[in-house]
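A.B. asks: Structure file model.pdb (PDB, C-alpha atoms) right here:
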ATOM      1  CA  MET Z   1      17.141   7.363 -16.595
ATOM      2  CA  VAL Z   2      13.351   7.216 -16.294
ATOM      3  CA  ARG Z   3      11.176   9.978 -14.862
ATOM      4  CA  ILE Z   4       8.736   8.447 -12.390
ATOM      5  CA  CYS Z   5       5.757  10.329 -11.018
ATOM      6  CA  VAL Z   6       4.804   8.826  -7.644
ATOM      7  CA  ALA Z   7       1.208   9.667  -6.762
ATOM      8  CA  GLY Z   8       0.899   9.562  -2.997
ATOM      9  CA  GLY Z   9       4.651   9.948  -2.698
ATOM     10  CA  THR Z  10       4.518  10.877   0.988
ATOM     11  CA  GLY Z  11       2.521   7.855   2.193
ATOM     12  CA  GLU Z  12       3.863   4.637   3.670
ATOM     13  CA  ALA Z  13       4.323   2.838   0.350
ATOM     14  CA  GLY Z  14       4.930   5.963  -1.729
ATOM     15  CA  ARG Z  15       7.879   7.070   0.393
ATOM     16  CA  GLU Z  16       9.561   3.725  -0.215
ATOM     17  CA  VAL Z  17       8.953   3.929  -3.958
ATOM     18  CA  VAL Z  18      10.509   7.406  -3.961
ATOM     19  CA  ARG Z  19      13.509   6.276  -1.918
ATOM     20  CA  GLN Z  20      14.215   3.223  -4.054
ATOM     21  CA  ALA Z  21      13.664   5.043  -7.341
ATOM     22  CA  LEU Z  22      16.197   7.689  -6.323
ATOM     23  CA  GLY Z  23      18.619   4.954  -5.339
ATOM     24  CA  LEU Z  24      18.298   3.464  -8.829
ATOM     25  CA  GLY Z  25      19.238   6.817 -10.352
ATOM     26  CA  HIS Z  26      15.828   7.802 -11.708
ATOM     27  CA  ALA Z  27      14.231  11.232 -11.719
ATOM     28  CA  VAL Z  28      11.277  11.406  -9.341
ATOM     29  CA  ALA Z  29       8.257  13.696  -9.125
ATOM     30  CA  GLY Z  30       6.154  13.405  -5.984
ATOM     31  CA  LEU Z  31       2.431  14.093  -6.347
ATOM     32  CA  THR Z  32       0.727  14.922  -3.042
ATOM     33  CA  ARG Z  33      -1.934  17.197  -1.621
ATOM     34  CA  ASN Z  34       0.518  18.448   1.000
ATOM     35  CA  PRO Z  35       4.126  18.590  -0.233
ATOM     36  CA  PRO Z  36       6.609  17.999   2.611
ATOM     37  CA  LEU Z  37       9.081  20.635   3.729
ATOM     38  CA  PRO Z  38      12.836  19.963   3.773
ATOM     39  CA  GLY Z  39      13.745  18.114   6.933
ATOM     40  CA  ALA Z  40      10.395  16.365   7.228
ATOM     41  CA  ARG Z  41      10.304  12.568   7.462
ATOM     42  CA  GLU Z  42       8.509  12.378   4.113
ATOM     43  CA  TYR Z  43      10.984  14.643   2.285
ATOM     44  CA  TYR Z  44      13.781  13.361   0.048
ATOM     45  CA  ASP Z  45      16.423  15.552  -1.532
ATOM     46  CA  GLY Z  46      16.331  15.389  -5.307
ATOM     47  CA  VAL Z  47      12.571  14.894  -5.587
ATOM     48  CA  SER Z  48      10.385  17.463  -7.316
ATOM     49  CA  TYR Z  49       7.257  17.719  -5.161
ATOM     50  CA  PHE Z  50       3.988  18.972  -6.639
ATOM     51  CA  ARG Z  51       0.803  19.953  -4.878
ATOM     52  CA  ALA Z  52      -1.968  18.101  -6.705
ATOM     53  CA  ASP Z  53      -5.424  16.671  -6.047
ATOM     54  CA  VAL Z  54      -6.852  13.778  -8.056
ATOM     55  CA  THR Z  55     -10.402  14.592  -6.945
ATOM     56  CA  THR Z  56     -10.283  17.964  -8.745
ATOM     57  CA  GLY Z  57      -7.415  17.603 -11.213
ATOM     58  CA  GLU Z  58      -5.610  20.568  -9.678
ATOM     59  CA  GLY Z  59      -1.850  20.345 -10.233
ATOM     60  CA  LEU Z  60      -1.904  17.098 -12.204
ATOM     61  CA  PRO Z  61      -0.569  18.468 -15.531
ATOM     62  CA  GLU Z  62       2.418  20.019 -13.783
ATOM     63  CA  ALA Z  63       3.192  16.880 -11.761
ATOM     64  CA  LEU Z  64       2.903  14.608 -14.794
ATOM     65  CA  ALA Z  65       4.889  16.752 -17.225
ATOM     66  CA  ASP Z  66       7.715  14.754 -18.860
ATOM     67  CA  ALA Z  67       6.930  11.636 -16.772
ATOM     68  CA  ASP Z  68       7.519   8.260 -18.391
ATOM     69  CA  VAL Z  69       5.559   6.230 -15.851
ATOM     70  CA  VAL Z  70       3.173   6.813 -12.948
ATOM     71  CA  VAL Z  71       3.248   4.752  -9.768
ATOM     72  CA  ASP Z  72      -0.055   5.248  -7.958
ATOM     73  CA  CYS Z  73       0.190   4.710  -4.198
ATOM     74  CA  LEU Z  74      -2.726   6.939  -3.303
ATOM     75  CA  GLU Z  75      -4.921   5.969  -0.363
ATOM     76  CA  ALA Z  76      -8.438   6.982   0.645
ATOM     77  CA  ARG Z  77     -10.097   5.599   3.751
ATOM     78  CA  THR Z  78     -12.953   7.926   4.625
ATOM     79  CA  GLY Z  79     -15.248  10.693   3.414
ATOM     80  CA  LYS Z  80     -14.965  12.429   0.079
ATOM     81  CA  ALA Z  81     -11.599  10.873  -0.729
ATOM     82  CA  LEU Z  82     -13.026   7.349  -0.391
ATOM     83  CA  ARG Z  83     -16.181   8.169  -2.354
ATOM     84  CA  HIS Z  84     -14.128   9.609  -5.235
ATOM     85  CA  TYR Z  85     -11.260   7.129  -5.067
ATOM     86  CA  ALA Z  86     -11.984   5.291  -8.330
ATOM     87  CA  ALA Z  87     -12.990   8.502 -10.118
ATOM     88  CA  GLY Z  88      -9.732  10.055  -8.951
ATOM     89  CA  GLY Z  89      -7.881   7.165 -10.532
ATOM     90  CA  ALA Z  90      -9.683   7.774 -13.811
ATOM     91  CA  LEU Z  91      -8.793  11.469 -13.688
ATOM     92  CA  LEU Z  92      -5.153  10.658 -12.963
ATOM     93  CA  LEU Z  93      -4.994   8.196 -15.865
ATOM     94  CA  GLY Z  94      -6.663  10.655 -18.230
ATOM     95  CA  GLU Z  95      -4.183  13.395 -17.364
ATOM     96  CA  ALA Z  96      -1.319  10.909 -17.639
ATOM     97  CA  ALA Z  97      -2.409   9.941 -21.137
ATOM     98  CA  ALA Z  98      -2.675  13.613 -22.104
ATOM     99  CA  ALA Z  99       0.863  14.176 -20.784
ATOM    100  CA  GLY Z 100       2.271  11.335 -22.892
ATOM    101  CA  VAL Z 101       2.889   8.919 -20.022
ATOM    102  CA  SER Z 102       3.319   5.385 -21.363
ATOM    103  CA  ARG Z 103       2.576   3.255 -18.290
ATOM    104  CA  ALA Z 104       0.711   3.467 -14.986
ATOM    105  CA  VAL Z 105       1.112   1.098 -12.044
ATOM    106  CA  GLN Z 106      -1.186   1.052  -9.038
ATOM    107  CA  LEU Z 107      -1.036  -0.525  -5.603
ATOM    108  CA  SER Z 108      -4.090  -2.540  -4.562
ATOM    109  CA  ILE Z 109      -5.036  -5.225  -2.030
ATOM    110  CA  VAL Z 110      -5.218  -8.994  -2.419
ATOM    111  CA  ASN Z 111      -8.776 -10.190  -3.138
ATOM    112  CA  CYS Z 112     -10.233  -6.723  -2.660
ATOM    113  CA  ASP Z 113     -13.014  -7.703  -5.055
ATOM    114  CA  GLN Z 114     -14.157 -10.412  -2.624
ATOM    115  CA  SER Z 115     -14.745  -8.130   0.374
ATOM    116  CA  THR Z 116     -17.740  -6.020   1.319
ATOM    117  CA  LEU Z 117     -15.695  -3.379   3.178
ATOM    118  CA  ALA Z 118     -16.090   0.045   1.564
ATOM    119  CA  TYR Z 119     -12.328   0.551   1.550
ATOM    120  CA  TYR Z 120     -11.780  -2.755  -0.266
ATOM    121  CA  ARG Z 121     -14.651  -2.094  -2.681
ATOM    122  CA  SER Z 122     -13.055   1.219  -3.615
ATOM    123  CA  LYS Z 123      -9.847  -0.621  -4.447
ATOM    124  CA  ALA Z 124     -11.733  -3.087  -6.651
ATOM    125  CA  ASP Z 125     -13.545  -0.237  -8.407
ATOM    126  CA  LYS Z 126     -10.237   1.451  -9.126
ATOM    127  CA  GLU Z 127      -8.779  -1.789 -10.464
ATOM    128  CA  ARG Z 128     -11.576  -1.839 -13.034
ATOM    129  CA  VAL Z 129     -10.769   1.760 -13.976
ATOM    130  CA  TYR Z 130      -7.153   0.775 -14.616
ATOM    131  CA  ALA Z 131      -8.185  -2.278 -16.638
ATOM    132  CA  ARG Z 132     -10.250  -0.047 -18.977
ATOM    133  CA  SER Z 133      -7.500   2.535 -19.513
ATOM    134  CA  PRO Z 134      -5.864   2.799 -22.954
ATOM    135  CA  LEU Z 135      -2.492   3.100 -21.215
ATOM    136  CA  ASP Z 136      -0.248   0.160 -20.416
ATOM    137  CA  THR Z 137      -1.502  -0.417 -16.857
ATOM    138  CA  ARG Z 138      -0.397  -2.798 -14.152
ATOM    139  CA  THR Z 139      -1.970  -3.568 -10.792
ATOM    140  CA  VAL Z 140       0.127  -4.907  -7.928
ATOM    141  CA  ARG Z 141      -2.049  -6.502  -5.259
ATOM    142  CA  ALA Z 142      -0.363  -6.857  -1.873
ATOM    143  CA  THR Z 143      -1.215  -8.549   1.371
ATOM    144  CA  GLN Z 144      -1.532  -6.373   4.483
ATOM    145  CA  PHE Z 145       1.387  -4.259   5.650
ATOM    146  CA  HIS Z 146       3.227  -5.135   8.852
ATOM    147  CA  SER Z 147       2.079  -1.788  10.214
ATOM    148  CA  LEU Z 148      -1.580  -2.875  10.133
ATOM    149  CA  VAL Z 149      -1.239  -5.559  12.782
ATOM    150  CA  ALA Z 150       1.334  -3.527  14.712
ATOM    151  CA  GLY Z 151      -1.184  -0.682  14.818
ATOM    152  CA  ILE Z 152      -3.932  -2.997  16.097
ATOM    153  CA  PHE Z 153      -1.656  -4.270  18.854
ATOM    154  CA  GLY Z 154      -0.469  -0.779  19.751
ATOM    155  CA  ALA Z 155      -3.979   0.636  19.995
ATOM    156  CA  GLY Z 156      -5.140  -2.226  22.183
ATOM    157  CA  SER Z 157      -2.121  -2.118  24.473
ATOM    158  CA  ARG Z 158      -2.979   1.426  25.489
ATOM    159  CA  LEU Z 159      -6.056  -0.092  27.130
ATOM    160  CA  GLY Z 160      -4.099  -2.994  28.591
ATOM    161  CA  LEU Z 161      -5.390  -5.501  26.032
ATOM    162  CA  ILE Z 162      -3.765  -6.833  22.855
ATOM    163  CA  PRO Z 163      -6.546  -8.133  20.599
ATOM    164  CA  VAL Z 164      -6.137 -11.265  18.508
ATOM    165  CA  ILE Z 165      -8.872 -12.058  15.998
ATOM    166  CA  LYS Z 166     -10.016 -15.655  16.416
ATOM    167  CA  GLY Z 167      -9.229 -17.800  13.378
ATOM    168  CA  ALA Z 168      -7.408 -15.023  11.498
ATOM    169  CA  ARG Z 169      -4.009 -15.450   9.901
ATOM    170  CA  PHE Z 170      -1.921 -12.794   8.228
ATOM    171  CA  GLN Z 171       0.830 -12.750   5.619
ATOM    172  CA  THR Z 172       2.123  -9.274   6.321
ATOM    173  CA  ILE Z 173       4.636  -7.561   4.068
ATOM    174  CA  SER Z 174       6.944  -4.583   4.410
ATOM    175  CA  PRO Z 175       6.400  -1.347   2.460
ATOM    176  CA  ALA Z 176       9.951  -1.697   1.120
ATOM    177  CA  ASP Z 177       9.164  -5.073  -0.453
ATOM    178  CA  VAL Z 178       5.924  -3.731  -1.936
ATOM    179  CA  ALA Z 179       7.802  -0.737  -3.350
ATOM    180  CA  SER Z 180      10.270  -3.092  -5.027
ATOM    181  CA  ALA Z 181       7.397  -4.934  -6.708
ATOM    182  CA  LEU Z 182       5.838  -1.653  -7.852
ATOM    183  CA  LEU Z 183       9.102  -0.474  -9.372
ATOM    184  CA  GLU Z 184       9.650  -3.812 -11.100
ATOM    185  CA  ALA Z 185       6.212  -3.418 -12.662
ATOM    186  CA  ALA Z 186       6.923   0.198 -13.575
ATOM    187  CA  LEU Z 187      10.318  -0.410 -15.157
ATOM    188  CA  GLY Z 188       9.933  -3.914 -16.575
ATOM    189  CA  PRO Z 189       9.627  -4.759 -20.273
ATOM    190  CA  PRO Z 190       6.224  -4.686 -22.013
ATOM    191  CA  SER Z 191       4.142  -7.723 -21.137
ATOM    192  CA  GLY Z 192       2.150  -7.837 -24.353
ATOM    193  CA  ASP Z 193      -1.096  -7.265 -22.441
ATOM    194  CA  SER Z 194      -2.703  -3.872 -21.986
ATOM    195  CA  HIS Z 195      -3.401  -4.616 -18.310
ATOM    196  CA  THR Z 196      -1.778  -7.098 -15.934
ATOM    197  CA  VAL Z 197      -2.364  -8.028 -12.294
ATOM    198  CA  GLN Z 198       0.361  -9.309  -9.991
ATOM    199  CA  THR Z 199      -0.093 -10.475  -6.397
ATOM    200  CA  VAL Z 200       2.677 -10.218  -3.799
ATOM    201  CA  GLY Z 201       2.596 -11.546  -0.272
ATOM    202  CA  GLY Z 202       4.849 -11.467   2.735
ATOM    203  CA  PRO Z 203       7.326 -14.233   3.582
ATOM    204  CA  GLU Z 204       5.303 -15.835   6.404
ATOM    205  CA  VAL Z 205       1.724 -16.854   7.129
ATOM    206  CA  LEU Z 206       1.128 -16.539  10.867
ATOM    207  CA  GLY Z 207      -1.768 -16.458  13.271
ATOM    208  CA  MET Z 208      -2.329 -13.278  15.213
ATOM    209  CA  GLY Z 209      -1.250 -14.980  18.445
ATOM    210  CA  PRO Z 210       2.380 -15.482  17.350
ATOM    211  CA  LEU Z 211       2.404 -12.005  15.808
ATOM    212  CA  ALA Z 212       1.188 -10.504  19.079
ATOM    213  CA  GLY Z 213       3.807 -12.430  21.023
ATOM    214  CA  ALA Z 214       6.569 -11.158  18.754
ATOM    215  CA  TRP Z 215       5.239  -7.603  19.012
ATOM    216  CA  LYS Z 216       5.219  -7.722  22.816
ATOM    217  CA  ARG Z 217       8.714  -9.218  23.005
ATOM    218  CA  ILE Z 218      10.330  -6.726  20.639
ATOM    219  CA  THR Z 219       8.505  -3.609  21.791
ATOM    220  CA  GLY Z 220       8.483  -4.421  25.488
ATOM    221  CA  ALA Z 221       4.827  -3.408  25.589
ATOM    222  CA  ARG Z 222       2.524  -4.713  28.261
ATOM    223  CA  GLY Z 223      -0.976  -6.010  27.880
ATOM    224  CA  LEU Z 224      -3.074  -9.137  28.050
ATOM    225  CA  VAL Z 225      -3.307 -10.973  24.753
ATOM    226  CA  ILE Z 226      -6.998 -11.733  24.325
ATOM    227  CA  GLU Z 227      -8.631 -13.712  21.517
ATOM    228  CA  LEU Z 228     -11.806 -12.143  20.208
ATOM    229  CA  PRO Z 229     -14.273 -13.223  17.498
ATOM    230  CA  LEU Z 230     -14.839 -10.898  14.560
ATOM    231  CA  PRO Z 231     -18.404 -11.397  13.287
ATOM    232  CA  GLY Z 232     -19.812 -10.516   9.902
ATOM    233  CA  SER Z 233     -18.355 -10.587   6.417
ATOM    234  CA  THR Z 234     -14.967  -9.192   7.430
ATOM    235  CA  GLY Z 235     -14.449 -11.934   9.983
ATOM    236  CA  ARG Z 236     -15.453 -14.537   7.403
ATOM    237  CA  PHE Z 237     -13.066 -12.972   4.849
ATOM    238  CA  LEU Z 238     -10.190 -13.407   7.315
ATOM    239  CA  ARG Z 239     -11.172 -16.873   8.532
ATOM    240  CA  GLU Z 240     -11.363 -18.083   4.936
ATOM    241  CA  GLY Z 241      -7.848 -16.793   4.313
ATOM    242  CA  LYS Z 242      -8.831 -14.420   1.543
ATOM    243  CA  ASN Z 243      -6.301 -11.905   2.887
ATOM    244  CA  LEU Z 244      -3.513 -14.377   2.114
ATOM    245  CA  ALA Z 245      -1.466 -15.239  -0.966
ATOM    246  CA  PRO Z 246       0.649 -18.225   0.134
ATOM    247  CA  GLY Z 247       1.536 -19.091  -3.452
ATOM    248  CA  GLN Z 248       2.890 -15.604  -4.171
ATOM    249  CA  ARG Z 249       5.462 -15.071  -1.428
ATOM    250  CA  TYR Z 250       7.495 -12.083  -2.504
ATOM    251  CA  GLY Z 251       8.592 -10.166   0.578
ATOM    252  CA  HIS Z 252      11.838 -10.817   2.408
ATOM    253  CA  ALA Z 253      11.370  -8.754   5.595
ATOM    254  CA  THR Z 254       9.472 -10.716   8.240
ATOM    255  CA  PHE Z 255       7.256  -9.006  10.809
ATOM    256  CA  GLU Z 256       9.896  -9.486  13.510
ATOM    257  CA  ALA Z 257      12.697  -8.140  11.316
ATOM    258  CA  TRP Z 258      10.600  -5.124  10.345
ATOM    259  CA  LEU Z 259       9.866  -4.331  13.984
ATOM    260  CA  ALA Z 260      13.467  -4.768  15.067
ATOM    261  CA  ASN Z 261      14.822  -2.557  12.288
ATOM    262  CA  ARG Z 262      12.310   0.285  12.506
ATOM    263  CA  GLN Z 263      12.329   2.038  15.849
ATOM    264  CA  GLU Z 264       9.428   4.301  14.867
ATOM    265  CA  ASN Z 265       7.163   1.234  14.659
ATOM    266  CA  LEU Z 266       7.773   0.327  18.281
TER     267      LEU Z 266
END
Just give me the structure of the file as structure tokens.

C.D. replies:
Amino acid sequence: MVRICVAGGTGEAGREVVRQALGLGHAVAGLTRNPPLPGAREYYDGVSYFRADVTTGEGLPEALADADVVVDCLEARTGKALRHYAAGGALLLGEAAAAGVSRAVQLSIVNCDQSTLAYYRSKADKERVYARSPLDTRTVRATQFHSLVAGIFGAGSRLGLIPVIKGARFQTISPADVASALLEAALGPPSGDSHTVQTVGGPEVLGMGPLAGAWKRITGARGLVIELPLPGSTGRFLREGKNLAPGQRYGHATFEAWLANRQENL
């Protein structure tokens, strides 16, 4: 049995890592700024939850005590958390090394180093932090989650419009499939390299039009599907397919299957 510390263990990917790790019989510590209460959606029996903050270091020694490996699913999209995202990764790795942790695995985004978005740049900065760490570190880059496009469609439908970005294709993947890849990286044999990068993509590459059609059919939502251009570097990033990894298909759950099996995403 391995003790796995899941940083961001209450987020979309972190919850799946926790669930699967428990199912494999491992001991799990959940590191989060706001530990869930029993009965909450994010709570799993058998997990030791710790209140910790990677921007200050508060609670990290306790959460990392006796851990064999860290799986870092932390997210930061705005404000102080985004500005300190890479530095928080460095602090987490430093405390992990001090606690005797042997390996750290982080979740990142495909081709994040080729985007000008602040969120993507923060991911690339953190990748470099992991690459410099003396620990055995592994980065798992994933394509976008199914929930990203579902969220875009859901937000637009409330205004009667379902936006489709002109020229954009997506290779969306389920959090469960990403969690499987993270755990494989966490529990696999030594690679011989101090830092490795793996890319995982969803099972299908689809335009937003077919994705929107599937979303409408399965959810029963109403709204006019409208194709819109996305200018600037982000639009170019998508049109050039830099959000895709067609040669690294890993996921098994298609967008339609994910929607049909997860009522809360409807």

A.B. asks: Please, what distance in Å, to one decimal, runs between CA of Tyr43 in chain Z and CA of Asp68 in chain Z?

C.D. replies: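 Between CA of Tyr43 in chain Z and CA of Asp68 in chain Z the gap works out to 21.9 Å.
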
A.B. asks: Between Z:Leu238, Z:Ile162, Z:Val28, Z:Leu117, which has the minimum distance to Val225 in chain Z (counting all atoms listed in the file)?

C.D. replies: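 Smallest distance to Val225 in chain Z is found for Z:Ile162.
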
A.B. asks: Decode the PyMOL selection byres ((chain Z and resi 48) around 7) for the given file into explicit residues and return them as a VMD selection string.

C.D. replies: chain Z and resid 28 to 30 46 to 47 49 to 50

A.B. asks: Given the PyMOL selection byres ((chain Z and resi 230) around 12) and the file above, list the residues it selects as number ranges by chain.

C.D. replies: Z: 163-168, 227-229, 231-239

A.B. asks: One decimal, Å: what's the distance from CA of Gly209 in chain Z over to CA of Val140 in chain Z, could you say?

C.D. replies: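 A separation of 28.3 Å between them.
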
A.B. asks: Taking into account all atoms listed in the file, which residue in the set Z:Val149, Z:Ala245, Z:Ala96, Z:Leu206 is nearest to Val110 in chain Z?

C.D. replies: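 Comparing Z:Val149, Z:Ala245, Z:Ala96, Z:Leu206 against Val110 in chain Z, the winner is Z:Ala245.
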
A.B. asks: Could you check which of Z:Gly220, Z:Gly160, Z:Pro203, Z:Gly154 is closest to Val178 in chain Z, using all atoms listed in the file?

C.D. replies: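 Under the stated criterion, the closest residue is Z:Pro203.
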
A.B. asks: Find the residue from Z:Leu224, Z:Ile109, Z:Ala181, Z:Ala104 that sits nearest to Phe153 in chain Z; use all atoms listed in the file when measuring.

C.D. replies: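 Closest residue, counting all atoms listed in the file: Z:Leu224.
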
A.B. asks: Would you translate the PyMOL selection byres ((chain Z and resi 63) around 7) into the concrete set of residues it matches in this file, as a list in words?

C.D. replies: Ala29, Leu31, Phe50, Gly59, Leu60, Pro61, Glu62, Leu64 and Ala65 of chain Z

A.B. asks: Could you save those same residues with C-alpha atoms as an mmCIF file, in the coordinates of the input?

C.D. replies:
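Generated output (selection_5.cif):
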data_model
loop_
_atom_site.group_PDB
_atom_site.id
_atom_site.type_symbol
_atom_site.label_atom_id
_atom_site.label_comp_id
_atom_site.auth_asym_id
_atom_site.auth_seq_id
_atom_site.Cartn_x
_atom_site.Cartn_y
_atom_site.Cartn_z
ATOM 1 C CA ALA Z 29 8.257 13.696 -9.125
ATOM 2 C CA LEU Z 31 2.431 14.093 -6.347
ATOM 3 C CA PHE Z 50 3.988 18.972 -6.639
ATOM 4 C CA GLY Z 59 -1.850 20.345 -10.233
ATOM 5 C CA LEU Z 60 -1.904 17.098 -12.204
ATOM 6 C CA PRO Z 61 -0.569 18.468 -15.531
ATOM 7 C CA GLU Z 62 2.418 20.019 -13.783
ATOM 8 C CA LEU Z 64 2.903 14.608 -14.794
ATOM 9 C CA ALA Z 65 4.889 16.752 -17.225
#

A.B. asks: Go ahead and fit an axis-aligned box to every listed atom of range 21-31 of chain Z plus 8 Å each side, and pass me the centre and edge lengths in Å, one decimal, as AutoDock Vina command-line options.

C.D. replies:
--center_x 10.8 --center_y 8.8 --center_z -8.5 --size_x 32.8 --size_y 26.6 --size_z 22.4

A.B. asks: Residues near Ala131 in chain Z, anyone? I mean within 8 Å using only C-alpha atoms, not counting same-chain ones fewer than 5 positions away, as an NGL selection string.

C.D. replies: :Z and (137 or 194-195)
